[in-house]
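A.B. asks: File follows, run-v8.csv with CSV, C-alpha atoms and all ligand atoms:
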```
chain,number,residue,atom,x,y,z
T,938,MET,CA,0.0,0.0,0.0
T,939,GLU,CA,1.4,3.4,-0.9
T,940,ILE,CA,0.3,7.0,-1.4
T,941,ARG,CA,0.9,9.0,-4.5
T,942,ARG,CA,-0.4,12.2,-6.2
T,943,MET,CA,-3.9,11.9,-7.6
T,944,ASN,CA,-3.8,12.2,-11.4
T,945,LYS,CA,-6.2,12.6,-14.3
T,946,GLU,CA,-6.6,8.8,-14.7
T,947,ASP,CA,-7.8,8.5,-11.0
T,948,LEU,CA,-10.5,11.1,-11.5
T,949,GLU,CA,-13.4,8.8,-12.6
T,950,THR,CA,-12.9,6.4,-9.7
T,951,VAL,CA,-12.4,9.2,-7.1
T,952,VAL,CA,-15.5,11.1,-8.2
T,953,GLN,CA,-17.6,7.8,-8.2
T,954,LEU,CA,-16.4,7.0,-4.6
T,955,GLU,CA,-17.0,10.6,-3.5
T,956,ARG,CA,-20.6,10.3,-4.6
T,957,GLN,CA,-21.0,7.0,-2.8
T,958,ILE,CA,-19.4,8.2,0.4
T,959,PHE,CA,-20.6,11.8,1.0
T,960,PRO,CA,-24.1,13.3,1.1
T,961,ASP,CA,-22.7,16.5,-0.3
T,962,PRO,CA,-20.0,15.3,-2.7
T,963,TRP,CA,-17.3,17.4,-4.3
T,964,SER,CA,-17.8,17.6,-8.1
T,965,GLN,CA,-15.4,16.4,-10.7
T,966,THR,CA,-14.6,20.1,-11.5
T,967,SER,CA,-13.6,20.6,-7.8
T,968,PHE,CA,-11.2,17.7,-8.0
T,969,GLU,CA,-9.8,18.9,-11.4
T,970,TYR,CA,-9.2,22.3,-9.8
T,971,GLU,CA,-7.3,20.7,-6.9
T,972,ILE,CA,-5.2,18.5,-9.2
T,973,PHE,CA,-4.4,21.0,-11.9
T,974,HIS,CA,-4.8,24.6,-10.7
T,975,ASN,CA,-4.7,25.0,-6.9
T,976,PRO,CA,-1.1,25.7,-6.0
T,977,PHE,CA,-1.8,25.0,-2.3
T,978,SER,CA,-3.3,21.6,-2.9
T,979,LEU,CA,-1.9,18.2,-2.4
T,980,SER,CA,-4.3,15.6,-3.8
T,981,LEU,CA,-3.5,12.1,-2.9
T,982,VAL,CA,-4.6,8.5,-3.4
T,983,LEU,CA,-3.9,5.4,-1.3
T,984,VAL,CA,-3.2,2.6,-3.8
T,985,GLN,CA,-2.0,-0.9,-4.1
T,986,ASP,CA,-1.0,-1.8,-7.6
T,987,THR,CA,-3.7,0.0,-9.7
T,988,GLU,CA,-6.4,-0.2,-7.1
T,989,ILE,CA,-7.5,3.0,-5.3
T,990,TYR,CA,-8.3,2.3,-1.6
T,991,GLY,CA,-8.7,5.9,-0.5
T,992,TYR,CA,-8.1,9.5,-1.4
T,993,ALA,CA,-7.4,12.8,0.3
T,994,VAL,CA,-7.1,16.5,-0.5
T,995,ILE,CA,-4.8,18.6,1.6
T,996,TRP,CA,-4.3,22.4,1.4
T,997,LYS,CA,-0.9,23.4,2.6
T,998,ILE,CA,-1.7,27.1,3.1
T,999,TYR,CA,1.5,28.6,4.5
T,1000,GLU,CA,1.6,27.5,8.2
T,1001,GLU,CA,-1.7,25.5,7.9
T,1002,PHE,CA,-2.0,21.9,6.9
T,1003,HIS,CA,-5.7,21.6,6.1
T,1004,ILE,CA,-7.2,18.2,5.5
T,1005,ALA,CA,-10.0,19.2,3.2
T,1006,ASN,CA,-11.1,15.7,2.1
T,1007,PHE,CA,-10.3,12.3,3.4
T,1008,ALA,CA,-12.0,8.9,2.7
T,1009,ILE,CA,-11.5,5.2,2.4
T,1010,ARG,CA,-13.4,3.2,-0.2
T,1011,PRO,CA,-16.7,2.0,1.4
T,1012,ASP,CA,-15.9,-1.8,1.0
T,1013,GLN,CA,-12.6,-1.3,2.7
T,1014,GLN,CA,-13.7,0.8,5.7
T,1015,GLY,CA,-13.1,-0.5,9.2
T,1016,LYS,CA,-10.0,-2.4,8.3
T,1017,LYS,CA,-7.4,0.1,9.7
T,1018,LEU,CA,-6.7,1.6,6.3
T,1019,GLY,CA,-7.9,5.0,7.6
T,1020,ASN,CA,-5.3,4.7,10.4
T,1021,LEU,CA,-2.6,3.9,7.8
T,1022,PHE,CA,-3.5,6.6,5.3
T,1023,PHE,CA,-3.9,9.3,8.0
T,1024,GLU,CA,-0.5,8.5,9.4
T,1025,LYS,CA,1.1,8.7,5.9
T,1026,ILE,CA,-0.7,12.0,5.3
T,1027,LEU,CA,0.6,13.5,8.5
T,1028,GLU,CA,4.1,12.6,7.5
T,1029,LEU,CA,3.8,15.2,4.7
T,1030,ARG,CA,3.2,18.1,7.2
T,1031,GLU,CA,6.8,19.3,7.1
T,1032,GLY,CA,6.9,23.1,7.4
T,1033,SER,CA,3.4,23.4,8.8
T,1034,ALA,CA,2.7,24.8,12.3
T,1035,PHE,CA,-0.6,23.0,12.7
T,1036,ALA,CA,-3.2,20.8,11.0
T,1037,LEU,CA,-6.9,21.6,10.8
T,1038,LEU,CA,-10.0,19.8,9.6
T,1039,GLU,CA,-13.7,19.9,9.8
T,1040,VAL,CA,-15.8,16.8,10.6
T,1041,ARG,CA,-19.5,16.1,11.1
T,1042,GLU,CA,-20.4,15.9,14.8
T,1043,SER,CA,-22.1,12.5,14.1
T,1044,ASN,CA,-19.0,11.0,12.4
T,1045,GLN,CA,-17.8,9.2,15.5
T,1046,ARG,CA,-15.4,6.9,13.6
T,1047,ALA,CA,-13.6,9.8,12.0
T,1048,ILE,CA,-13.5,11.8,15.2
T,1049,HIS,CA,-12.1,8.8,17.0
T,1050,LEU,CA,-9.4,8.5,14.4
T,1051,TYR,CA,-8.5,12.1,14.5
T,1052,GLN,CA,-8.3,12.1,18.3
T,1053,LYS,CA,-6.1,9.1,18.2
T,1054,PHE,CA,-3.6,11.2,16.2
T,1055,GLY,CA,-3.7,14.0,18.6
T,1056,PHE,CA,-6.4,16.3,17.1
T,1057,ARG,CA,-8.6,18.3,19.5
T,1058,THR,CA,-11.9,20.1,18.9
T,1059,ILE,CA,-11.2,23.8,19.0
T,1060,MET,CA,-14.6,25.1,17.9
T,1061,LYS,CA,-18.0,24.1,16.5
T,1062,ARG,CA,-19.6,25.5,13.4
T,1063,VAL,CA,-23.3,25.2,13.9
T,1064,LYS,CA,-25.3,24.2,10.7
T,1065,TYR,CA,-22.1,24.1,8.7
T,1066,TYR,CA,-23.3,21.2,6.5
T,1067,ARG,CA,-26.2,21.4,4.0
T,1068,ASN,CA,-28.4,19.1,6.1
T,1069,GLY,CA,-28.0,21.4,9.0
T,1070,GLU,CA,-25.4,19.4,10.8
T,1071,THR,CA,-22.8,20.9,13.0
T,1072,ALA,CA,-19.1,20.7,12.1
T,1073,LEU,CA,-16.4,20.2,14.7
T,1074,VAL,CA,-13.2,22.0,13.8
T,1075,MET,CA,-10.3,19.9,15.0
T,1076,GLN,CA,-6.7,20.9,15.3
T,1077,LYS,CA,-3.3,19.4,15.9
T,1078,ILE,CA,-0.4,21.6,16.8
T,1079,PHE,CA,3.0,20.5,15.7
T,1080,ALA,CA,4.6,22.4,18.6
T,1081,LYS,CA,8.2,21.5,17.8
T,1082,GLU,CA,7.8,22.7,14.3
T,1083,ILE,CA,6.4,26.2,15.0
T,1084,ARG,CA,9.1,28.5,13.7
T,1085,SER,CA,9.3,32.2,13.3
T,1086,LYS,CA,10.7,32.1,9.8
T,1087,GLU,CA,8.5,32.7,6.8
T,1088,VAL,CA,6.7,29.7,5.5
T,1089,THR,CA,6.2,29.5,1.7
T,1090,LYS,CA,3.7,27.5,-0.2
T,1091,ASP,CA,6.5,25.0,-1.2
F,1,LIG,C1,-13.5,7.9,8.5
F,1,LIG,C2,-12.7,6.9,7.7
F,1,LIG,C3,-11.6,7.6,6.9
F,1,LIG,C4,-11.9,5.9,8.7
F,1,LIG,O1,-11.2,5.0,8.0
F,1,LIG,P1,-11.4,3.4,8.3
F,1,LIG,O2,-10.4,2.7,7.5
F,1,LIG,O3,-12.8,3.1,8.1
F,1,LIG,O4,-11.1,3.3,9.9
F,1,LIG,P2,-10.1,2.4,10.6
F,1,LIG,O5,-10.5,1.0,10.4
F,1,LIG,O6,-8.7,2.8,10.3
F,1,LIG,O7,-10.2,2.8,12.2
F,1,LIG,C5,-11.2,3.6,12.7
F,1,LIG,C6,-11.1,3.7,14.2
F,1,LIG,O8,-12.4,4.2,14.6
F,1,LIG,C7,-13.0,3.2,15.5
F,1,LIG,N1,-14.4,3.2,15.2
F,1,LIG,C8,-15.1,2.6,14.3
F,1,LIG,N2,-16.4,2.9,14.4
F,1,LIG,C9,-16.5,3.7,15.4
F,1,LIG,C10,-17.6,4.4,16.1
F,1,LIG,N3,-18.9,4.3,15.6
F,1,LIG,N4,-17.3,5.3,17.1
F,1,LIG,C11,-16.1,5.4,17.6
F,1,LIG,N5,-15.0,4.8,17.0
F,1,LIG,C12,-15.2,4.0,16.0
F,1,LIG,C13,-12.3,1.9,15.1
F,1,LIG,O9,-12.4,1.0,16.2
F,1,LIG,C14,-10.9,2.4,14.9
F,1,LIG,O10,-10.2,2.7,16.1
F,1,LIG,P3,-8.9,2.1,16.5
F,1,LIG,O11,-7.9,2.4,15.4
F,1,LIG,O12,-8.5,2.8,17.8
F,1,LIG,O13,-9.1,0.6,16.7
F,1,LIG,C15,-13.5,6.0,6.8
F,1,LIG,O14,-14.4,5.2,7.6
F,1,LIG,C16,-14.3,6.8,5.8
F,1,LIG,O15,-13.8,7.0,4.7
F,1,LIG,N6,-15.6,7.2,6.1
F,1,LIG,C17,-16.4,7.9,5.2
F,1,LIG,C18,-15.8,9.2,4.8
F,1,LIG,C19,-15.5,10.1,6.0
F,1,LIG,O16,-16.2,10.1,7.0
F,1,LIG,N7,-14.4,10.8,5.9
F,1,LIG,C20,-13.9,11.7,6.9
F,1,LIG,C21,-14.6,13.0,6.7
F,1,LIG,S1,-14.0,14.3,7.9
```
Could you write out this file's structure as structure tokens?
Ligand SMILES: CC(C)(COP(=O)(O)OP(=O)(O)OC[C@H]1O[C@@H](n2cnc3c(N)ncnc32)[C@H](O)[C@@H]1OP(=O)(O)O)[C@@H](O)C(=O)NCCC(=O)NCCS

C.D. replies:
Amino acid sequence: MEIRRMNKEDLETVVQLERQIFPDPWSQTSFEYEIFHNPFSLSLVLVQDTEIYGYAVIWKIYEEFHIANFAIRPDQQGKKLGNLFFEKILELREGSAFALLEVRESNQRAIHLYQKFGFRTIMKRVKYYRNGETALVMQKIFAKEIRSKEVTKD
């Protein structure tokens, strides 16, 4: 199992999975923007051979490492792949002062995973999602890596 950059050939599968997984899925255009145009974006897939097991979109916005999208293929959920993928994602944090993400208040499995990796809820955004659900904003501070020097998008 390895992670690599998401590419054009992955798009069809990723968009299909996104529609199966999320009630308010990102569009193909959104993923295209992340892959081809957003200079702050790191779009990733978790793969074995040619099979996609998960995908994620990270925004490295100066000091912030923002996990904007993160999912494991439905038929592979609950088998520790989320743990594996999340660990690999956090290894890419170099240069970031903190990581941030939003998660549905009802998504106990994801919240458990994020807490396990040291994320803490720092605020709630009431009615953040289209169905009126509240988002927890979770953060992990990479204390040792907070530096006063300028952080660039590279
Ligand atoms: C959330 C998600 C990425 C987790 O990946 P996964 O491979 O299914 O999860 P894992 O098997 O690695 O482990 C999940 C952990 O949550 C625990 N868990 C499972 N169901 C749980 C529940 N209802 N409440 C609390 N914890 C739960 C597991 O025991 C495991 O904990 P452990 O590692 O301490 O044993 C995956 O389920 C997924 O893609 N869900 C749909 C999309 C999604 O919600 N993405 C996150 C949006 S913010």

A.B. asks: Counting only C-alpha atoms and all ligand atoms, which of T:Lys1053, T:Lys1061, T:Lys945, T:Arg1067 gets nearest to ligand LIG 1 (chain F)?

C.D. replies: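 Smallest distance to ligand LIG 1 (chain F) is found for T:Lys1053.
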
A.B. asks: List every residue of chain T that has an atom at most 8 Å from any atom of ligand LIG 1 (chain F), giving for each one its closest atom pair and the distance in Å to one decimal, counting all atoms listed in the file, sorted by chain and then by ascending residue number, as CSV.

C.D. replies:
```
residue,atom,partner,partner_atom,distance
T:Ile958,CA,F:LIG1,C17,5.7
T:Phe959,CA,F:LIG1,C18,6.7
T:Gly991,CA,F:LIG1,O15,7.4
T:Ala1005,CA,F:LIG1,S1,7.9
T:Asn1006,CA,F:LIG1,C21,6.4
T:Phe1007,CA,F:LIG1,N7,5.0
T:Ala1008,CA,F:LIG1,O15,3.3
T:Ile1009,CA,F:LIG1,O15,3.7
T:Arg1010,CA,F:LIG1,O15,6.2
T:Pro1011,CA,F:LIG1,O15,6.7
T:Gln1013,CA,F:LIG1,O2,6.6
T:Gln1014,CA,F:LIG1,O3,3.4
T:Gly1015,CA,F:LIG1,O5,3.2
T:Lys1016,CA,F:LIG1,O5,4.0
T:Lys1017,CA,F:LIG1,O6,3.1
T:Leu1018,CA,F:LIG1,O2,4.0
T:Gly1019,CA,F:LIG1,O1,3.3
T:Asn1020,CA,F:LIG1,O6,3.9
T:Leu1021,CA,F:LIG1,O6,6.7
T:Phe1023,CA,F:LIG1,C3,8.0
T:Leu1038,CA,F:LIG1,S1,7.0
T:Glu1039,CA,F:LIG1,S1,5.9
T:Val1040,CA,F:LIG1,S1,4.1
T:Arg1041,CA,F:LIG1,S1,6.6
T:Asn1044,CA,F:LIG1,O16,6.1
T:Gln1045,CA,F:LIG1,N4,4.2
T:Arg1046,CA,F:LIG1,C12,3.8
T:Ala1047,CA,F:LIG1,C1,4.0
T:Ile1048,CA,F:LIG1,C11,7.3
T:His1049,CA,F:LIG1,N5,4.9
T:Leu1050,CA,F:LIG1,C6,5.1
T:Lys1053,CA,F:LIG1,O12,6.8
```

A.B. asks: When you look at range 961-978 of chain T with a cut-off of 9 Å (counting all atoms listed in the file), what residues show up, excluding the ones that are within fewer than 4 positions of it in the same chain? I need them as a list in words.

C.D. replies: Arg942, Met943, Asn944, Lys945, Leu948, Glu949, Val951, Val952, Glu955, Arg956, Gln957, Val994, Ile995, Trp996, Lys997, Ile998, Tyr999, Tyr1066, Arg1067, Asn1068, Lys1090 and Asp1091 of chain T

A.B. asks: Using only C-alpha atoms, can you list as number ranges by chain the residues within 10 Å of (-0.9, -5.6, 2.3)?

C.D. replies: T: 938-939, 985

A.B. asks: Of the candidates T:Glu1042, T:Asp1012, T:Asp986, T:Glu1000, which shows the shortest atom-to-atom distance to Arg941 in chain T, using all atoms listed in the file?

C.D. replies: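 Smallest distance to Arg941 in chain T is found for T:Asp986.
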
A.B. asks: Using only C-alpha atoms, which of the listed residues (T:Leu1027, T:Thr950, T:Gly1032, T:Ser1043) sits closest to Tyr990 in chain T?

C.D. replies: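 Among T:Leu1027, T:Thr950, T:Gly1032, T:Ser1043, it is T:Thr950 that comes nearest to Tyr990 in chain T.
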
A.B. asks: Quick check, in Å to one decimal: how far apart do CA of Ile1026 in chain T and CA of Ile1004 in chain T lie?

C.D. replies: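 That distance, rounded to one decimal, is 9.0 Å.
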
A.B. asks: Between CA of Leu1073 in chain T and CA of Phe1035 in chain T, what distance in Å does the model show, to one decimal?

C.D. replies: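 Computed distance, CA of Leu1073 in chain T to CA of Phe1035 in chain T, equals 16.2 Å.
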
A.B. asks: State, in Å with one decimal place, the distance from CA of Arg1030 in chain T to CA of Phe1054 in chain T.

C.D. replies: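 CA of Phe1054 in chain T lies at a distance of 13.2 Å from CA of Arg1030 in chain T.
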
A.B. asks: Given 6 Å on each side, where is the centre and what are the edge lengths in Å to one decimal of the axis-aligned box enclosing the listed atoms of range 939-945 of chain T, as JSON?

C.D. replies:
```
{"center_x": -2.4, "center_y": 8.0, "center_z": -7.6, "size_x": 19.6, "size_y": 21.2, "size_z": 25.4}
```

A.B. asks: Would you list the residues near (-4.8, 18.6, 17.0) (no more than 10 Å away, in the coordinates of the file, using all atoms listed in the file) as a list in words?

C.D. replies: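 The answer, in the requested form, is Phe1035, Ala1036, Leu1037, Leu1038, Tyr1051, Gln1052, Lys1053, Phe1054, Gly1055, Phe1056, Arg1057, Thr1058, Ile1059, Val1074, Met1075, Gln1076, Lys1077, Ile1078 and Phe1079 of chain T.
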
A.B. asks: Taking only C-alpha atoms into account, which of T:Glu1001, T:Leu954, T:Ser1033, T:Asp947 comes nearest Val984 in chain T?

C.D. replies: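 With only C-alpha atoms as the atom set, the closest residue is T:Asp947.
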